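Undergrad: So I've got this file, target-v8.csv, and it contains CSV, C-alpha atoms:
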```
chain,number,residue,atom,x,y,z
A,1,MET,CA,-29.6,137.5,55.1
A,2,ALA,CA,-29.4,141.0,53.7
A,3,ILE,CA,-30.9,141.4,50.2
A,4,PRO,CA,-28.0,142.4,47.9
A,5,HIS,CA,-28.2,145.7,46.0
A,6,PRO,CA,-29.0,145.1,42.2
A,7,ARG,CA,-25.7,146.9,41.4
A,8,ASP,CA,-23.8,144.3,43.5
A,9,ILE,CA,-25.4,141.5,41.5
A,10,GLN,CA,-24.5,143.1,38.3
A,11,LEU,CA,-20.9,143.7,39.3
A,12,ALA,CA,-20.6,140.1,40.5
A,13,ALA,CA,-22.0,138.8,37.2
A,14,VAL,CA,-19.5,140.9,35.2
A,15,ARG,CA,-16.7,139.8,37.4
A,16,TRP,CA,-17.6,136.2,36.8
A,17,LEU,CA,-17.5,136.8,33.1
A,18,ASP,CA,-14.3,138.8,33.2
A,19,GLU,CA,-12.5,136.0,35.0
A,20,ARG,CA,-13.2,133.7,32.1
A,21,TYR,CA,-12.6,136.1,29.1
A,22,PRO,CA,-11.5,139.8,29.1
A,23,PHE,CA,-15.0,141.1,28.1
A,24,THR,CA,-14.7,144.4,29.8
A,25,LYS,CA,-11.3,145.1,28.4
A,26,THR,CA,-12.4,144.3,24.8
A,27,ILE,CA,-15.6,146.4,25.0
A,28,GLU,CA,-13.8,149.4,26.6
A,29,GLU,CA,-11.1,149.2,24.0
A,30,SER,CA,-13.7,149.9,21.3
A,31,MET,CA,-15.9,152.2,23.3
A,32,TYR,CA,-13.2,154.6,24.4
A,33,GLN,CA,-11.4,154.6,21.1
A,34,ARG,CA,-10.6,158.1,20.3
A,35,VAL,CA,-11.6,159.5,16.9
A,36,PRO,CA,-9.5,162.3,15.3
A,37,ASN,CA,-11.2,165.7,15.1
A,38,PHE,CA,-11.6,165.7,11.3
A,39,ALA,CA,-13.6,162.5,11.6
A,40,ASN,CA,-16.1,164.2,13.9
A,41,ALA,CA,-18.5,164.8,10.9
A,42,PHE,CA,-21.8,163.2,10.0
A,43,TYR,CA,-20.4,162.0,6.6
A,44,TYR,CA,-17.9,159.7,8.4
A,45,CYS,CA,-20.9,157.8,9.8
A,46,PHE,CA,-22.2,156.4,6.5
A,47,GLY,CA,-20.0,153.3,6.6
A,48,GLY,CA,-21.3,152.4,10.1
A,49,MET,CA,-24.8,152.9,8.8
A,50,VAL,CA,-24.2,150.5,6.0
A,51,PHE,CA,-23.1,147.9,8.6
A,52,VAL,CA,-26.2,148.5,10.8
A,53,ILE,CA,-28.5,148.2,7.8
A,54,ILE,CA,-26.8,145.0,6.7
A,55,VAL,CA,-27.3,143.5,10.1
A,56,LEU,CA,-31.0,144.6,10.0
A,57,GLN,CA,-31.4,143.0,6.6
A,58,LEU,CA,-29.8,139.7,7.9
A,59,VAL,CA,-32.3,139.7,10.9
A,60,THR,CA,-35.4,140.6,8.9
A,61,GLY,CA,-34.3,138.2,6.1
A,62,ILE,CA,-34.1,135.3,8.5
A,63,LEU,CA,-37.5,136.2,9.9
A,64,LEU,CA,-38.9,136.3,6.4
A,65,SER,CA,-37.3,133.0,5.5
A,66,ILE,CA,-39.3,131.3,8.2
A,67,TYR,CA,-42.5,131.7,6.2
A,68,TYR,CA,-41.2,132.1,2.6
A,69,VAL,CA,-41.4,129.1,0.3
A,70,PRO,CA,-39.0,129.3,-2.8
A,71,ASP,CA,-41.3,127.2,-5.1
A,72,ALA,CA,-42.3,128.7,-8.4
A,73,ARG,CA,-44.3,125.8,-9.7
A,74,GLY,CA,-48.1,126.0,-9.8
A,75,ASN,CA,-50.6,128.7,-10.3
A,76,PRO,CA,-50.4,130.7,-8.0
A,77,ALA,CA,-46.9,129.6,-7.1
A,78,GLU,CA,-46.2,129.0,-3.4
A,79,ALA,CA,-43.5,131.6,-3.6
A,80,TYR,CA,-46.1,134.3,-4.3
A,81,SER,CA,-48.7,133.0,-1.9
A,82,SER,CA,-46.2,132.7,0.9
A,83,VAL,CA,-45.3,136.4,0.4
A,84,LEU,CA,-49.0,137.3,0.5
A,85,PHE,CA,-49.3,135.2,3.7
A,86,ILE,CA,-46.4,137.1,5.3
A,87,GLN,CA,-47.9,140.4,4.2
A,88,ASN,CA,-51.5,139.8,5.4
A,89,SER,CA,-51.6,136.9,8.0
A,90,VAL,CA,-48.4,136.8,9.9
A,91,TYR,CA,-48.3,139.0,13.0
A,92,LEU,CA,-46.2,142.1,12.0
A,93,GLY,CA,-45.3,140.3,8.8
A,94,TRP,CA,-46.1,143.5,6.9
A,95,LEU,CA,-43.6,145.3,9.1
A,96,ILE,CA,-40.8,142.8,8.7
A,97,ARG,CA,-41.3,142.7,4.9
A,98,GLY,CA,-41.5,146.5,4.8
A,99,VAL,CA,-38.3,146.9,6.8
A,100,HIS,CA,-36.5,144.4,4.5
A,101,PHE,CA,-37.8,146.2,1.4
A,102,TRP,CA,-37.0,149.7,2.5
A,103,GLY,CA,-33.8,148.6,4.2
A,104,ALA,CA,-32.6,147.3,0.8
A,105,ASN,CA,-33.2,150.6,-0.9
A,106,ILE,CA,-31.7,152.7,1.9
A,107,LEU,CA,-28.7,150.3,2.0
A,108,ILE,CA,-27.9,150.9,-1.7
A,109,PHE,CA,-28.2,154.7,-1.1
A,110,MET,CA,-25.9,154.5,2.0
A,111,VAL,CA,-23.4,152.4,0.2
A,112,LEU,CA,-23.1,155.0,-2.5
A,113,LEU,CA,-22.8,157.8,0.0
A,114,HIS,CA,-20.1,155.9,1.9
A,115,MET,CA,-18.2,155.3,-1.4
A,116,ALA,CA,-18.5,158.9,-2.3
A,117,ARG,CA,-17.2,160.0,1.1
A,118,VAL,CA,-14.2,157.6,0.8
A,119,TYR,CA,-13.5,158.9,-2.7
A,120,TRP,CA,-13.7,162.6,-1.8
A,121,THR,CA,-11.6,162.3,1.3
A,122,GLY,CA,-9.0,160.4,-0.6
A,123,SER,CA,-9.2,157.5,1.9
A,124,TYR,CA,-8.4,155.0,-0.8
A,125,ARG,CA,-4.8,156.1,-1.2
A,126,ALA,CA,-1.8,154.0,0.0
A,127,PRO,CA,-1.7,151.9,2.1
A,128,ARG,CA,-5.5,151.5,1.9
A,129,GLU,CA,-5.8,150.4,-1.8
A,130,LEU,CA,-6.6,146.8,-0.8
A,131,ASN,CA,-9.4,148.0,1.4
A,132,TRP,CA,-10.9,150.0,-1.4
A,133,MET,CA,-10.9,146.9,-3.6
A,134,VAL,CA,-12.6,144.9,-0.8
A,135,GLY,CA,-15.2,147.7,-0.7
A,136,ALA,CA,-15.7,147.6,-4.5
A,137,ILE,CA,-16.3,143.8,-4.3
A,138,MET,CA,-18.8,144.4,-1.5
A,139,LEU,CA,-20.6,146.9,-3.7
A,140,LEU,CA,-21.0,144.2,-6.4
A,141,LEU,CA,-22.3,141.8,-3.7
A,142,ILE,CA,-24.9,144.3,-2.5
A,143,LEU,CA,-26.1,144.7,-6.1
A,144,ALA,CA,-26.2,140.9,-6.5
A,145,PHE,CA,-28.3,140.8,-3.3
A,146,ALA,CA,-30.7,143.3,-4.8
A,147,LEU,CA,-30.9,141.4,-8.1
A,148,THR,CA,-31.5,138.0,-6.5
A,149,GLY,CA,-33.9,139.3,-3.8
A,150,TYR,CA,-36.0,141.1,-6.4
A,151,LEU,CA,-37.1,137.9,-8.0
A,152,LEU,CA,-38.2,136.1,-4.8
A,153,PRO,CA,-41.8,137.4,-4.6
A,154,TRP,CA,-42.4,135.9,-8.0
A,155,ASP,CA,-44.9,138.4,-9.2
A,156,THR,CA,-45.1,140.0,-12.7
A,157,LYS,CA,-42.8,142.9,-11.8
A,158,ALA,CA,-40.2,140.5,-10.3
A,159,TYR,CA,-40.4,138.1,-13.2
A,160,PHE,CA,-40.0,140.5,-16.1
A,161,ALA,CA,-37.4,142.7,-14.3
A,162,THR,CA,-35.3,139.5,-13.9
A,163,GLU,CA,-35.9,138.6,-17.5
A,164,VAL,CA,-34.7,142.0,-18.7
A,165,THR,CA,-31.6,141.8,-16.4
A,166,ILE,CA,-30.6,138.3,-17.6
A,167,LYS,CA,-31.1,139.4,-21.2
A,168,ILE,CA,-28.7,142.3,-20.5
A,169,ALA,CA,-26.2,140.0,-18.8
A,170,GLY,CA,-26.5,137.6,-21.7
A,171,SER,CA,-25.9,140.2,-24.4
A,172,PRO,CA,-22.1,140.3,-24.7
A,173,PRO,CA,-20.8,139.0,-28.0
A,174,PRO,CA,-19.8,136.4,-29.1
A,175,PRO,CA,-23.4,134.9,-29.0
A,176,TRP,CA,-22.3,131.6,-27.4
A,177,LEU,CA,-20.9,133.5,-24.4
A,178,GLY,CA,-24.2,135.3,-23.9
A,179,ALA,CA,-26.2,132.1,-24.2
A,180,PHE,CA,-23.8,130.4,-21.7
A,181,ILE,CA,-24.2,133.2,-19.2
A,182,LYS,CA,-28.0,133.1,-19.6
A,183,GLN,CA,-28.1,129.3,-19.2
A,184,ILE,CA,-26.1,129.4,-16.0
A,185,LEU,CA,-28.1,132.3,-14.4
A,186,GLN,CA,-31.5,131.0,-15.5
A,187,GLY,CA,-30.9,127.3,-14.7
A,188,GLY,CA,-32.6,126.4,-17.9
A,189,PRO,CA,-33.9,127.8,-21.3
A,190,VAL,CA,-36.2,130.4,-19.7
A,191,VAL,CA,-36.6,132.1,-16.3
A,192,GLY,CA,-38.6,129.6,-14.3
A,193,PRO,CA,-38.6,127.5,-11.1
A,194,PRO,CA,-34.9,126.6,-11.4
A,195,THR,CA,-34.1,130.3,-11.6
A,196,LEU,CA,-36.0,131.0,-8.4
A,197,GLN,CA,-34.1,128.2,-6.7
A,198,ILE,CA,-30.7,129.5,-7.8
A,199,PHE,CA,-31.5,133.1,-6.8
A,200,PHE,CA,-32.9,132.0,-3.5
A,201,THR,CA,-29.8,129.9,-2.7
A,202,ALA,CA,-27.6,132.8,-3.7
A,203,HIS,CA,-29.6,135.4,-1.7
A,204,VAL,CA,-29.9,133.4,1.5
A,205,PHE,CA,-26.7,131.3,1.7
A,206,LEU,CA,-24.0,132.3,-0.7
A,207,LEU,CA,-24.1,136.1,-0.7
A,208,PRO,CA,-24.6,136.5,3.1
A,209,ALA,CA,-21.6,134.3,3.7
A,210,LEU,CA,-19.5,136.2,1.3
A,211,ILE,CA,-20.5,139.6,2.6
A,212,VAL,CA,-19.9,138.7,6.3
A,213,VAL,CA,-16.4,137.4,5.4
A,214,LEU,CA,-15.7,140.6,3.4
A,215,MET,CA,-17.0,142.9,6.1
A,216,TYR,CA,-14.7,141.1,8.6
A,217,VAL,CA,-11.8,141.7,6.3
A,218,HIS,CA,-12.8,145.3,5.7
A,219,PHE,CA,-13.0,146.0,9.4
A,220,ARG,CA,-9.6,144.3,10.1
A,221,PHE,CA,-8.0,146.6,7.5
A,222,ILE,CA,-9.6,149.7,9.0
A,223,ARG,CA,-8.4,148.7,12.6
A,224,ALA,CA,-4.9,148.1,11.2
A,225,HIS,CA,-4.7,151.3,9.1
A,226,GLY,CA,-6.7,153.7,11.3
A,227,ILE,CA,-8.9,156.5,9.9
A,228,ALA,CA,-7.3,158.1,6.9
A,229,GLU,CA,-6.0,161.7,7.2
A,230,PRO,CA,-7.9,164.0,4.9
A,231,MET,CA,-6.2,165.5,1.9
B,1,MET,CA,32.7,114.6,-13.7
B,2,ALA,CA,32.6,115.8,-17.3
B,3,ASP,CA,30.2,118.7,-17.1
B,4,ALA,CA,30.6,119.5,-13.4
B,5,THR,CA,32.0,123.0,-14.3
B,6,ALA,CA,29.8,123.5,-17.4
B,7,PRO,CA,26.9,125.9,-16.8
B,8,ARG,CA,23.5,124.1,-16.2
B,9,LEU,CA,20.6,125.1,-18.4
B,10,VAL,CA,18.3,124.6,-15.4
B,11,SER,CA,19.1,124.0,-11.8
B,12,ARG,CA,17.6,121.1,-9.9
B,13,ARG,CA,15.7,123.5,-7.8
B,14,THR,CA,14.1,125.2,-10.9
B,15,PHE,CA,13.3,121.9,-12.5
B,16,LEU,CA,11.6,120.5,-9.4
B,17,GLY,CA,9.9,123.9,-8.8
B,18,TRP,CA,8.2,123.9,-12.2
B,19,TRP,CA,7.1,120.3,-11.8
B,20,MET,CA,5.6,121.0,-8.4
B,21,ALA,CA,3.8,124.0,-9.8
B,22,ILE,CA,2.4,122.1,-12.8
B,23,ILE,CA,1.2,119.2,-10.6
B,24,LEU,CA,-0.4,121.3,-7.9
B,25,THR,CA,-2.1,123.5,-10.5
B,26,SER,CA,-3.5,120.5,-12.3
B,27,LEU,CA,-4.7,118.9,-9.1
B,28,THR,CA,-6.5,122.2,-8.1
B,29,VAL,CA,-8.1,122.5,-11.5
B,30,ALA,CA,-9.1,118.9,-11.5
B,31,GLY,CA,-10.8,119.4,-8.1
B,32,VAL,CA,-12.5,122.7,-8.9
B,33,LEU,CA,-13.7,121.8,-12.5
B,34,PRO,CA,-16.3,119.2,-11.5
B,35,ILE,CA,-17.8,121.8,-9.2
B,36,LEU,CA,-18.1,124.3,-12.0
B,37,VAL,CA,-19.7,121.6,-14.2
B,38,TYR,CA,-22.1,120.9,-11.4
B,39,LEU,CA,-23.4,124.4,-11.8
B,40,TRP,CA,-24.4,123.8,-15.4
B,41,PRO,CA,-28.2,123.2,-15.1
B,42,ALA,CA,-29.5,119.8,-15.8
B,43,PRO,CA,-32.9,119.8,-17.5
B,44,PRO,CA,-35.8,118.9,-15.2
B,45,LYS,CA,-37.4,115.5,-15.5
B,46,GLY,CA,-40.1,115.7,-18.1
B,47,GLN,CA,-38.4,118.3,-20.3
B,48,LYS,CA,-38.7,117.0,-23.9
B,49,LYS,CA,-38.3,118.5,-27.3
B,50,GLY,CA,-40.9,117.5,-29.9
B,51,PRO,CA,-43.8,118.6,-32.0
B,52,VAL,CA,-46.5,120.6,-30.2
B,53,ASN,CA,-50.1,120.2,-31.4
B,54,ILE,CA,-51.9,123.5,-31.8
B,55,THR,CA,-55.6,123.8,-32.6
B,56,LEU,CA,-56.1,127.0,-34.6
B,57,ASP,CA,-59.2,129.2,-34.4
B,58,LYS,CA,-59.3,129.0,-38.2
B,59,PRO,CA,-57.9,126.2,-40.3
B,60,ILE,CA,-54.9,127.0,-42.4
B,61,SER,CA,-56.8,126.0,-45.6
B,62,GLN,CA,-59.5,128.6,-44.9
B,63,LEU,CA,-57.1,131.5,-44.5
B,64,ASN,CA,-57.4,134.3,-47.1
B,65,ASP,CA,-54.4,136.1,-48.5
B,66,GLY,CA,-53.1,138.6,-45.9
B,67,GLU,CA,-55.0,136.9,-43.1
B,68,ALA,CA,-53.3,135.8,-39.8
B,69,VAL,CA,-54.4,133.7,-36.9
B,70,LYS,CA,-52.8,134.0,-33.5
B,71,PHE,CA,-52.0,131.0,-31.2
B,72,ASN,CA,-50.5,130.5,-27.8
B,73,ALA,CA,-48.3,127.8,-26.4
B,74,PRO,CA,-50.2,125.3,-24.2
B,75,THR,CA,-49.9,125.8,-20.5
B,76,SER,CA,-50.7,122.3,-19.2
B,77,PRO,CA,-48.1,121.0,-19.4
B,78,ASN,CA,-46.1,124.3,-19.8
B,79,THR,CA,-44.8,124.3,-23.4
B,80,ALA,CA,-42.8,126.7,-25.6
B,81,PHE,CA,-42.1,126.9,-29.3
B,82,ILE,CA,-38.5,126.9,-30.6
B,83,MET,CA,-37.5,129.5,-33.1
B,84,ALA,CA,-36.0,128.2,-36.3
B,85,ASP,CA,-34.2,131.4,-37.2
B,86,GLY,CA,-34.0,135.0,-36.0
B,87,GLY,CA,-31.9,138.2,-35.6
B,88,GLY,CA,-31.6,141.0,-33.2
B,89,ASP,CA,-33.2,140.0,-29.9
B,90,ASN,CA,-34.2,136.6,-31.3
B,91,ALA,CA,-31.8,133.7,-32.1
B,92,PRO,CA,-32.4,130.2,-33.5
B,93,GLY,CA,-33.2,128.0,-30.6
B,94,ASP,CA,-34.8,130.7,-28.5
B,95,LEU,CA,-38.2,130.0,-26.9
B,96,ALA,CA,-41.4,131.7,-28.0
B,97,PHE,CA,-44.7,131.4,-26.2
B,98,GLY,CA,-47.0,132.5,-29.0
B,99,GLY,CA,-47.1,132.8,-32.8
B,100,PHE,CA,-49.0,133.8,-35.8
B,101,ALA,CA,-50.0,131.6,-38.8
B,102,VAL,CA,-50.1,134.0,-41.9
B,103,LYS,CA,-51.2,133.4,-45.5
B,104,ASN,CA,-48.9,135.4,-47.8
B,105,GLY,CA,-49.9,135.0,-51.4
B,106,SER,CA,-49.7,131.2,-51.9
B,107,LYS,CA,-47.5,130.3,-49.0
B,108,VAL,CA,-48.2,130.0,-45.3
B,109,ASP,CA,-45.7,131.4,-42.8
B,110,VAL,CA,-45.7,130.6,-39.1
B,111,LEU,CA,-44.0,133.4,-37.2
B,112,ALA,CA,-43.0,133.7,-33.6
B,113,ILE,CA,-44.7,136.5,-31.7
B,114,ASN,CA,-41.5,138.1,-30.3
B,115,CYS,CA,-40.4,141.4,-31.7
B,116,SER,CA,-36.8,141.3,-32.9
B,117,HIS,CA,-36.1,144.6,-31.1
B,118,LEU,CA,-36.4,143.7,-27.4
B,119,GLY,CA,-38.8,140.8,-27.4
B,120,CYS,CA,-42.3,142.2,-26.8
B,121,SER,CA,-45.3,140.4,-28.3
B,122,VAL,CA,-46.3,142.0,-31.6
B,123,ALA,CA,-50.0,142.5,-32.4
B,124,LEU,CA,-51.8,142.0,-35.7
B,125,ASN,CA,-53.0,145.2,-37.3
B,126,ASP,CA,-55.8,144.0,-39.5
B,127,SER,CA,-56.5,147.2,-41.4
B,128,ALA,CA,-52.9,148.0,-42.3
B,129,LYS,CA,-52.0,144.3,-42.7
B,130,THR,CA,-49.0,144.6,-40.5
B,131,PHE,CA,-47.7,143.3,-37.2
B,132,ASP,CA,-47.2,146.2,-34.8
B,133,CYS,CA,-45.1,146.1,-31.6
B,134,PRO,CA,-46.7,148.1,-28.7
B,135,CYS,CA,-43.4,148.6,-26.9
B,136,HIS,CA,-41.3,150.9,-29.2
B,137,GLY,CA,-43.4,151.1,-32.4
B,138,SER,CA,-41.7,148.5,-34.6
B,139,ARG,CA,-43.8,147.4,-37.5
B,140,PHE,CA,-43.5,144.3,-39.7
B,141,HIS,CA,-45.0,143.1,-43.0
B,142,LEU,CA,-47.1,140.0,-42.8
B,143,ASP,CA,-44.2,137.9,-44.1
B,144,GLY,CA,-42.1,139.1,-41.1
B,145,THR,CA,-39.8,141.6,-42.8
B,146,VAL,CA,-39.3,145.0,-41.1
B,147,LEU,CA,-41.5,147.8,-42.3
B,148,HIS,CA,-40.6,150.4,-39.7
B,149,GLY,CA,-39.3,151.1,-36.3
B,150,PRO,CA,-36.3,150.3,-34.1
B,151,ALA,CA,-36.4,146.6,-35.1
B,152,ALA,CA,-33.6,145.8,-37.6
B,153,PHE,CA,-34.3,142.1,-38.2
B,154,PRO,CA,-37.3,140.2,-39.4
B,155,LEU,CA,-39.6,138.1,-37.2
B,156,SER,CA,-38.5,134.5,-36.5
B,157,HIS,CA,-40.0,131.6,-38.2
B,158,LEU,CA,-41.3,128.5,-36.4
B,159,SER,CA,-40.9,125.1,-38.0
B,160,TRP,CA,-44.3,123.5,-38.6
B,161,LYS,CA,-46.3,121.0,-40.5
B,162,GLN,CA,-49.9,120.1,-41.0
B,163,GLY,CA,-51.5,118.2,-38.1
B,164,ASP,CA,-53.9,115.3,-38.2
B,165,ASP,CA,-57.0,117.4,-38.8
B,166,PRO,CA,-57.4,120.6,-40.9
B,167,SER,CA,-57.4,123.0,-38.0
B,168,THR,CA,-54.4,121.5,-36.2
B,169,ILE,CA,-50.8,122.2,-36.9
B,170,GLN,CA,-47.7,120.7,-35.3
B,171,VAL,CA,-45.0,123.3,-34.3
B,172,ASP,CA,-41.5,122.4,-33.2
B,173,GLY,CA,-41.4,123.0,-29.5
B,174,ILE,CA,-40.4,121.8,-26.1
B,175,VAL,CA,-42.3,120.6,-23.0
B,176,LEU,CA,-40.6,122.6,-20.2
B,177,GLY,CA,-41.0,120.1,-17.4
B,178,PHE,CA,-42.0,122.7,-14.8
```
Could you show the structure in this file as structure tokens?
TA:
Amino acid sequence: MAIPHPRDIQLAAVRWLDERYPFTKTIEESMYQRVPNFANAFYYCFGGMVFVIIVLQLVTGILLSIYYVPDARGNPAEAYSSVLFIQNSVYLGWLIRGVHFWGANILIFMVLLHMARVYWTGSYRAPRELNWMVGAIMLLLILAFALTGYLLPWDTKAYFATEVTIKIAGSPPPPWLGAFIKQILQGGPVVGPPTLQIFFTAHVFLLPALIVVLMYVHFRFIRAHGIAEPM
Amino acid sequence: MADATAPRLVSRRTFLGWWMAIILTSLTVAGVLPILVYLWPAPPKGQKKGPVNITLDKPISQLNDGEAVKFNAPTSPNTAFIMADGGGDNAPGDLAFGGFAVKNGSKVDVLAINCSHLGCSVALNDSAKTFDCPCHGSRFHLDGTVLHGPAAFPLSHLSWKQGDDPSTIQVDGIVLGF
């Protein structure tokens, strides 16, 4: 029997898939999408970069969560020692943690660049106002990600930065409102193990779910409206 | 029919519409509210308010006028003191993890260590007989009133009473439970 050419095997596999779902059509629709000339500029890429970095954060975050233990009890707390373990003992743990750390910082920077681009090209005007609002909510979600993720290593810097932030959040008058906000965020009278638990749950379950849903909505809006004409 | 031609105040449709809206809204609220209450943190097992026994380095009775002794909250189990009063960054009911027992004239004050500006721990300045805050330079007299600095409110008091032996005092506090 003649040995088939690898290209023939590839074509046969793709044909098998296409007979069951229009994969080729779907991919080619996106790949050969034409972009207007004015959008052929580097500053139109920031939004896509935000998406790529969020995906990177999701992947590295999942890898970190395999070893991280969200327990703040004890001395040293397991949260802290698990981060040390990732940093020093896990193969390429330092790299995964580093990418997650730097990714977070670059993500915030890129989000601000993307927001500035949308603002200065007037891409928030009708009929795109709703999409701008979705983007604004996503900005708040990214900041919430940063706040909750900052506490997870449970070191001195993390602990006191969180205490300062919760004090700011709990400062609006009347006093009972501030105390209420603090109690909900802290999970108790002081930043402690319940706080770490709440922040971990938010950072790993609640916020990723929300941001994935909102990204989907954001992209649906963009496909529906197309790229905005510049002013 | 008597009022078949008289104008109705509210049509059947409007009447039913409002009732449906009220019922659906209250059902939704009744469903969501328990979830919001769930978010309110329950104290961990073992959290208990009560007097905390502190052994001072120097018994209260041996303190001279203008002398202060510092003490910290115990860490096994993790405990905190509860402020009895306070202004600025401190409020009654806030937690403090350290304090000073000070002799002022004939009375003894037990003050929380938290500066009323932004909460840093104040330090005793023996020579100047003041409490100085290292963060932004607030200074307090030994009775807790403000001498200088961004702080605008006096240091908080802790409720206390004499303990079983001369160098122990009991301060109102809370065992944290974690």
Undergrad: Quick one: contact table of chain B to chain A, 7 Å max, nearest atom pair and distance in Å to one decimal per residue, counting only C-alpha atoms, chain and number order, as a Markdown table?
TA:
```
| residue | atom | partner | partner_atom | distance |
| --- | --- | --- | --- | --- |
| B:Trp40 | CA | A:Ile184 | CA | 5.9 |
| B:Pro41 | CA | A:Gly187 | CA | 4.9 |
| B:Pro43 | CA | A:Gly188 | CA | 6.6 |
| B:Phe178 | CA | A:Arg73 | CA | 6.4 |
```
Undergrad: Just the number, please: distance in Å from CA of Leu142 (chain B) to CA of Asn78 (chain B), one decimal.
TA: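 Between these atoms lies a distance of 27.9 Å.
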Undergrad: Using all atoms listed in the file, which of the listed residues (B:Gly173, B:Gly163, B:Gly144, B:Gly93) sits closest to Val110 (chain B)?
TA: B:Gly144
Undergrad: Do a neighbour search on Met138 (chain A) at 8 Å with all atoms listed in the file, toss out local chain neighbours closer than 6 positions, and write the hits as a list in words.
TA: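 So, after excluding close chain neighbours, the residues are Ile211, Leu214 and Met215 of chain A.
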Undergrad: So how far away is CA of Gly48 (chain A) from CA of Arg125 (chain A), in Å?
TA: 20.3 Å
Undergrad: May I have the residues within 7 Å of region 100-114 of chain A as a list in words, using all atoms listed in the file and disregarding those fewer than 6 positions away in the same chain?
TA: Phe46, Gly47, Val50, Ile53, Gln57, Thr60 and Gly61 of chain A
Undergrad: Please measure the separation of CA of Ala79 (chain A) and CA of Leu196 (chain A), giving the value in Å to one decimal.
TA: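 Going from CA of Ala79 (chain A) over to CA of Leu196 (chain A) covers 8.9 Å.
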